Amino acid sequence: MTGPATTAVTFAVLDIAPEPYAVTPILTARVGVAAVGEDPVHAIALRCQVRIEPLRRSYTDAEAAGMLDLFGP
C-alpha cells in the first residue's frame with residue numbers, strides 16, 4: 001500500500017514588515033508558495049522559526065540601550 005503522492009512546492013519570502021501596532025516586536029512575512037506540476041494543492045502546513053542574533057553587529061549607544069529593553073541583559 002502506498003501513501004499519497006507528494007507534490008513539489010517552492011517557497012519565496014516576498015516581503016517582511018514590522019507590525020506597527022503590536023504590543024511586542026512582531027515581523028510579518030509574506031510568503032509565496034508555488035506548486036510544480038498539474039496536481040492541485042489543497043492545503044499546506046508551514047511552520048518556521050526566525051532567529052535574531054543581535055550581538056552579530058555593532059550598535060550605537062542609543063541602539064544598544066534599545067536592544068537591552070527589547071532582549072534583556
# chains A, B, ... in the order shown; residues from 1 in each chain; ligands from 1
>>> residues_around(residues="Leu46 of chain A", least_positions_apart="4", cutoff="12 Å", atoms="only C-alpha atoms", output="VMD selection string")
chain A and resid 9 11 31 to 33
>>> closest_atom_pairs(of="segment 16-49 of chain A", to="segment 60-70 of chain A", cutoff="12 Å", atoms="only C-alpha atoms", output="JSON lines")
{"residue": "A:Val23", "atom": "CA", "partner": "A:Leu70", "partner_atom": "CA", "distance": 11.7}
{"residue": "A:Thr24", "atom": "CA", "partner": "A:Leu70", "partner_atom": "CA", "distance": 8.8}
{"residue": "A:Pro25", "atom": "CA", "partner": "A:Leu70", "partner_atom": "CA", "distance": 8.2}
{"residue": "A:Ile26", "atom": "CA", "partner": "A:Leu70", "partner_atom": "CA", "distance": 11.6}
>>> atom_distance(atom1="atom CA of Val36 of chain A", atom2="atom CA of Ala8 of chain A")
5.4 Å
>>> residues_around(residues="Ile16 of chain A", least_positions_apart="4", cutoff="10 Å", atoms="only C-alpha atoms", output="ChimeraX atom specification")
/A:27-31
>>> write_last_selection(atoms="N, CA, C and O atoms", output="mmCIF file, in the first residue's frame")
data_model
loop_
_atom_site.group_PDB
_atom_site.id
_atom_site.type_symbol
_atom_site.label_atom_id
_atom_site.label_comp_id
_atom_site.auth_asym_id
_atom_site.auth_seq_id
_atom_site.Cartn_x
_atom_site.Cartn_y
_atom_site.Cartn_z
ATOM 1 N N LEU A 27 7.289 40.775 13.402
ATOM 2 C CA LEU A 27 7.513 40.933 11.975
ATOM 3 C C LEU A 27 6.526 40.047 11.238
ATOM 4 O O LEU A 27 6.306 38.897 11.617
ATOM 5 N N THR A 28 5.931 40.573 10.184
ATOM 6 C CA THR A 28 5.027 39.792 9.347
ATOM 7 C C THR A 28 5.717 39.536 8.020
ATOM 8 O O THR A 28 6.232 40.470 7.386
ATOM 9 N N ALA A 29 5.742 38.289 7.601
ATOM 10 C CA ALA A 29 6.365 37.916 6.330
ATOM 11 C C ALA A 29 5.290 37.445 5.356
ATOM 12 O O ALA A 29 4.421 36.657 5.723
ATOM 13 N N ARG A 30 5.359 37.964 4.146
ATOM 14 C CA ARG A 30 4.510 37.442 3.072
ATOM 15 C C ARG A 30 5.330 36.389 2.349
ATOM 16 O O ARG A 30 6.444 36.648 1.906
ATOM 17 N N VAL A 31 4.794 35.187 2.263
ATOM 18 C CA VAL A 31 5.496 34.065 1.656
ATOM 19 C C VAL A 31 4.724 33.612 0.430
ATOM 20 O O VAL A 31 3.521 33.368 0.502
#
>>> closest_residue(among="A:Gly72, A:Ala34, A:Val13, A:Glu19", to="Cys48 of chain A", atoms="only C-alpha atoms")
A:Val13
>>> select_by_dssp(residues="chain A", states="alpha helix (DSSP H)", output="JSON, numbers by chain")
{"A": [61, 62, 63, 64, 65, 66, 67, 68, 69, 70, 71]}
>>> write_last_selection(atoms="N, CA and C atoms", output="PDB file, in the first residue's frame")
ATOM      1  N   ASP A  61      25.366  53.587  21.073  1.00  0.00           N
ATOM      2  CA  ASP A  61      24.932  53.510  22.479  1.00  0.00           C
ATOM      3  C   ASP A  61      23.407  53.573  22.592  1.00  0.00           C
ATOM      4  N   ALA A  62      22.769  54.422  21.785  1.00  0.00           N
ATOM      5  CA  ALA A  62      21.302  54.527  21.830  1.00  0.00           C
ATOM      6  C   ALA A  62      20.644  53.242  21.337  1.00  0.00           C
ATOM      7  N   GLU A  63      21.196  52.657  20.274  1.00  0.00           N
ATOM      8  CA  GLU A  63      20.646  51.390  19.769  1.00  0.00           C
ATOM      9  C   GLU A  63      20.851  50.271  20.783  1.00  0.00           C
ATOM     10  N   ALA A  64      22.018  50.238  21.418  1.00  0.00           N
ATOM     11  CA  ALA A  64      22.306  49.211  22.423  1.00  0.00           C
ATOM     12  C   ALA A  64      21.323  49.298  23.588  1.00  0.00           C
ATOM     13  N   ALA A  65      20.981  50.519  24.004  1.00  0.00           N
ATOM     14  CA  ALA A  65      20.002  50.675  25.080  1.00  0.00           C
ATOM     15  C   ALA A  65      18.647  50.133  24.651  1.00  0.00           C
ATOM     16  N   GLY A  66      18.276  50.344  23.398  1.00  0.00           N
ATOM     17  CA  GLY A  66      17.019  49.794  22.879  1.00  0.00           C
ATOM     18  C   GLY A  66      17.038  48.277  22.831  1.00  0.00           C
ATOM     19  N   MET A  67      18.185  47.699  22.488  1.00  0.00           N
ATOM     20  CA  MET A  67      18.303  46.231  22.455  1.00  0.00           C
ATOM     21  C   MET A  67      18.183  45.672  23.868  1.00  0.00           C
ATOM     22  N   LEU A  68      18.718  46.391  24.847  1.00  0.00           N
ATOM     23  CA  LEU A  68      18.602  45.950  26.240  1.00  0.00           C
ATOM     24  C   LEU A  68      17.146  45.912  26.662  1.00  0.00           C
ATOM     25  N   ASP A  69      16.391  46.936  26.288  1.00  0.00           N
ATOM     26  CA  ASP A  69      14.951  46.957  26.599  1.00  0.00           C
ATOM     27  C   ASP A  69      14.225  45.823  25.893  1.00  0.00           C
ATOM     28  N   LEU A  70      14.642  45.532  24.675  1.00  0.00           N
ATOM     29  CA  LEU A  70      13.944  44.537  23.855  1.00  0.00           C
ATOM     30  C   LEU A  70      14.288  43.110  24.253  1.00  0.00           C
ATOM     31  N   PHE A  71      15.604  42.814  24.403  1.00  0.00           N
ATOM     32  CA  PHE A  71      16.042  41.430  24.623  1.00  0.00           C
ATOM     33  C   PHE A  71      16.473  41.130  26.044  1.00  0.00           C
TER      34      PHE A  71
END
>>> atom_distance(atom1="atom CA of Val50 of chain A", atom2="atom CA of Thr10 of chain A")
18.6 Å
>>> select_by_dssp(residues="chain A", states="strand (DSSP E)", output="PDB file with N, CA and C atoms, in the first residue's frame")
ATOM      1  N   ALA A   8       5.822  18.687  -5.437  1.00  0.00           N
ATOM      2  CA  ALA A   8       6.947  19.583  -5.171  1.00  0.00           C
ATOM      3  C   ALA A   8       6.444  21.021  -5.121  1.00  0.00           C
ATOM      4  N   VAL A   9       6.872  21.739  -4.122  1.00  0.00           N
ATOM      5  CA  VAL A   9       6.493  23.148  -3.982  1.00  0.00           C
ATOM      6  C   VAL A   9       7.747  23.988  -3.758  1.00  0.00           C
ATOM      7  N   THR A  10       7.658  25.249  -4.123  1.00  0.00           N
ATOM      8  CA  THR A  10       8.743  26.188  -3.864  1.00  0.00           C
ATOM      9  C   THR A  10       8.202  27.322  -2.998  1.00  0.00           C
ATOM     10  N   PHE A  11       9.062  27.868  -2.157  1.00  0.00           N
ATOM     11  CA  PHE A  11       8.698  28.953  -1.259  1.00  0.00           C
ATOM     12  C   PHE A  11       9.621  30.137  -1.525  1.00  0.00           C
ATOM     13  N   ALA A  12       9.085  31.343  -1.408  1.00  0.00           N
ATOM     14  CA  ALA A  12       9.888  32.559  -1.537  1.00  0.00           C
ATOM     15  C   ALA A  12       9.348  33.606  -0.566  1.00  0.00           C
ATOM     16  N   VAL A  13      10.239  34.256   0.147  1.00  0.00           N
ATOM     17  CA  VAL A  13       9.827  35.350   1.020  1.00  0.00           C
ATOM     18  C   VAL A  13       9.661  36.583   0.140  1.00  0.00           C
ATOM     19  N   LEU A  14       8.436  37.104   0.075  1.00  0.00           N
ATOM     20  CA  LEU A  14       8.126  38.232  -0.787  1.00  0.00           C
ATOM     21  C   LEU A  14       8.353  39.569  -0.104  1.00  0.00           C
ATOM     22  N   ASP A  15       8.086  39.620   1.204  1.00  0.00           N
ATOM     23  CA  ASP A  15       8.188  40.886   1.917  1.00  0.00           C
ATOM     24  C   ASP A  15       8.213  40.601   3.412  1.00  0.00           C
ATOM     25  N   ILE A  16       8.928  41.416   4.160  1.00  0.00           N
ATOM     26  CA  ILE A  16       8.916  41.346   5.621  1.00  0.00           C
ATOM     27  C   ILE A  16       8.730  42.772   6.129  1.00  0.00           C
ATOM     28  N   ALA A  17       7.757  42.943   7.017  1.00  0.00           N
ATOM     29  CA  ALA A  17       7.468  44.284   7.542  1.00  0.00           C
ATOM     30  C   ALA A  17       7.108  44.197   9.018  1.00  0.00           C
ATOM     31  N   PRO A  18       7.471  45.215   9.794  1.00  0.00           N
ATOM     32  CA  PRO A  18       7.082  45.223  11.211  1.00  0.00           C
ATOM     33  C   PRO A  18       5.600  45.535  11.360  1.00  0.00           C
ATOM     34  N   LEU A  27       7.289  40.775  13.402  1.00  0.00           N
ATOM     35  CA  LEU A  27       7.513  40.933  11.975  1.00  0.00           C
ATOM     36  C   LEU A  27       6.526  40.047  11.238  1.00  0.00           C
ATOM     37  N   THR A  28       5.931  40.573  10.184  1.00  0.00           N
ATOM     38  CA  THR A  28       5.027  39.792   9.347  1.00  0.00           C
ATOM     39  C   THR A  28       5.717  39.536   8.020  1.00  0.00           C
ATOM     40  N   ALA A  29       5.742  38.289   7.601  1.00  0.00           N
ATOM     41  CA  ALA A  29       6.365  37.916   6.330  1.00  0.00           C
ATOM     42  C   ALA A  29       5.290  37.445   5.356  1.00  0.00           C
ATOM     43  N   ARG A  30       5.359  37.964   4.146  1.00  0.00           N
ATOM     44  CA  ARG A  30       4.510  37.442   3.072  1.00  0.00           C
ATOM     45  C   ARG A  30       5.330  36.389   2.349  1.00  0.00           C
ATOM     46  N   VAL A  31       4.794  35.187   2.263  1.00  0.00           N
ATOM     47  CA  VAL A  31       5.496  34.065   1.656  1.00  0.00           C
ATOM     48  C   VAL A  31       4.724  33.612   0.430  1.00  0.00           C
ATOM     49  N   GLY A  32       5.434  33.505  -0.686  1.00  0.00           N
ATOM     50  CA  GLY A  32       4.826  32.979  -1.904  1.00  0.00           C
ATOM     51  C   GLY A  32       5.064  31.477  -1.986  1.00  0.00           C
ATOM     52  N   VAL A  33       4.039  30.742  -2.350  1.00  0.00           N
ATOM     53  CA  VAL A  33       4.127  29.290  -2.482  1.00  0.00           C
ATOM     54  C   VAL A  33       3.660  28.918  -3.883  1.00  0.00           C
ATOM     55  N   ALA A  34       4.476  28.150  -4.583  1.00  0.00           N
ATOM     56  CA  ALA A  34       4.117  27.725  -5.928  1.00  0.00           C
ATOM     57  C   ALA A  34       4.271  26.216  -6.031  1.00  0.00           C
ATOM     58  N   ALA A  35       3.286  25.571  -6.621  1.00  0.00           N
ATOM     59  CA  ALA A  35       3.333  24.125  -6.819  1.00  0.00           C
ATOM     60  C   ALA A  35       3.918  23.819  -8.194  1.00  0.00           C
ATOM     61  N   VAL A  36       4.768  22.810  -8.250  1.00  0.00           N
ATOM     62  CA  VAL A  36       5.348  22.363  -9.511  1.00  0.00           C
ATOM     63  C   VAL A  36       4.538  21.165  -9.987  1.00  0.00           C
TER      64      VAL A  36
END
>>> atom_distance(atom1="atom CA of Pro73 of chain A", atom2="atom CA of Arg56 of chain A")
15.3 Å
>>> decode(residues="segment 23-36 of chain A", atoms="N, CA, C and O atoms", output="PDB file, in the first residue's frame")
ATOM      1  N   VAL A  23       1.947  44.956  20.479  1.00  0.00           N
ATOM      2  CA  VAL A  23       2.420  45.236  21.829  1.00  0.00           C
ATOM      3  C   VAL A  23       3.876  44.822  21.974  1.00  0.00           C
ATOM      4  O   VAL A  23       4.663  45.494  22.623  1.00  0.00           O
ATOM      5  N   THR A  24       4.246  43.716  21.350  1.00  0.00           N
ATOM      6  CA  THR A  24       5.630  43.251  21.354  1.00  0.00           C
ATOM      7  C   THR A  24       6.159  43.335  19.925  1.00  0.00           C
ATOM      8  O   THR A  24       5.378  43.394  18.977  1.00  0.00           O
ATOM      9  N   PRO A  25       7.466  43.321  19.737  1.00  0.00           N
ATOM     10  CA  PRO A  25       8.009  43.390  18.380  1.00  0.00           C
ATOM     11  C   PRO A  25       7.583  42.168  17.549  1.00  0.00           C
ATOM     12  O   PRO A  25       7.848  41.028  17.930  1.00  0.00           O
ATOM     13  N   ILE A  26       6.899  42.424  16.458  1.00  0.00           N
ATOM     14  CA  ILE A  26       6.423  41.351  15.579  1.00  0.00           C
ATOM     15  C   ILE A  26       6.745  41.723  14.141  1.00  0.00           C
ATOM     16  O   ILE A  26       6.518  42.858  13.715  1.00  0.00           O
ATOM     17  N   LEU A  27       7.289  40.775  13.402  1.00  0.00           N
ATOM     18  CA  LEU A  27       7.513  40.933  11.975  1.00  0.00           C
ATOM     19  C   LEU A  27       6.526  40.047  11.238  1.00  0.00           C
ATOM     20  O   LEU A  27       6.306  38.897  11.617  1.00  0.00           O
ATOM     21  N   THR A  28       5.931  40.573  10.184  1.00  0.00           N
ATOM     22  CA  THR A  28       5.027  39.792   9.347  1.00  0.00           C
ATOM     23  C   THR A  28       5.717  39.536   8.020  1.00  0.00           C
ATOM     24  O   THR A  28       6.232  40.470   7.386  1.00  0.00           O
ATOM     25  N   ALA A  29       5.742  38.289   7.601  1.00  0.00           N
ATOM     26  CA  ALA A  29       6.365  37.916   6.330  1.00  0.00           C
ATOM     27  C   ALA A  29       5.290  37.445   5.356  1.00  0.00           C
ATOM     28  O   ALA A  29       4.421  36.657   5.723  1.00  0.00           O
ATOM     29  N   ARG A  30       5.359  37.964   4.146  1.00  0.00           N
ATOM     30  CA  ARG A  30       4.510  37.442   3.072  1.00  0.00           C
ATOM     31  C   ARG A  30       5.330  36.389   2.349  1.00  0.00           C
ATOM     32  O   ARG A  30       6.444  36.648   1.906  1.00  0.00           O
ATOM     33  N   VAL A  31       4.794  35.187   2.263  1.00  0.00           N
ATOM     34  CA  VAL A  31       5.496  34.065   1.656  1.00  0.00           C
ATOM     35  C   VAL A  31       4.724  33.612   0.430  1.00  0.00           C
ATOM     36  O   VAL A  31       3.521  33.368   0.502  1.00  0.00           O
ATOM     37  N   GLY A  32       5.434  33.505  -0.686  1.00  0.00           N
ATOM     38  CA  GLY A  32       4.826  32.979  -1.904  1.00  0.00           C
ATOM     39  C   GLY A  32       5.064  31.477  -1.986  1.00  0.00           C
ATOM     40  O   GLY A  32       6.149  30.994  -1.684  1.00  0.00           O
ATOM     41  N   VAL A  33       4.039  30.742  -2.350  1.00  0.00           N
ATOM     42  CA  VAL A  33       4.127  29.290  -2.482  1.00  0.00           C
ATOM     43  C   VAL A  33       3.660  28.918  -3.883  1.00  0.00           C
ATOM     44  O   VAL A  33       2.593  29.340  -4.313  1.00  0.00           O
ATOM     45  N   ALA A  34       4.476  28.150  -4.583  1.00  0.00           N
ATOM     46  CA  ALA A  34       4.117  27.725  -5.928  1.00  0.00           C
ATOM     47  C   ALA A  34       4.271  26.216  -6.031  1.00  0.00           C
ATOM     48  O   ALA A  34       5.254  25.648  -5.556  1.00  0.00           O
ATOM     49  N   ALA A  35       3.286  25.571  -6.621  1.00  0.00           N
ATOM     50  CA  ALA A  35       3.333  24.125  -6.819  1.00  0.00           C
ATOM     51  C   ALA A  35       3.918  23.819  -8.194  1.00  0.00           C
ATOM     52  O   ALA A  35       3.619  24.498  -9.173  1.00  0.00           O
ATOM     53  N   VAL A  36       4.768  22.810  -8.250  1.00  0.00           N
ATOM     54  CA  VAL A  36       5.348  22.363  -9.511  1.00  0.00           C
ATOM     55  C   VAL A  36       4.538  21.165  -9.987  1.00  0.00           C
ATOM     56  O   VAL A  36       4.399  20.183  -9.278  1.00  0.00           O
TER      57      VAL A  36
END
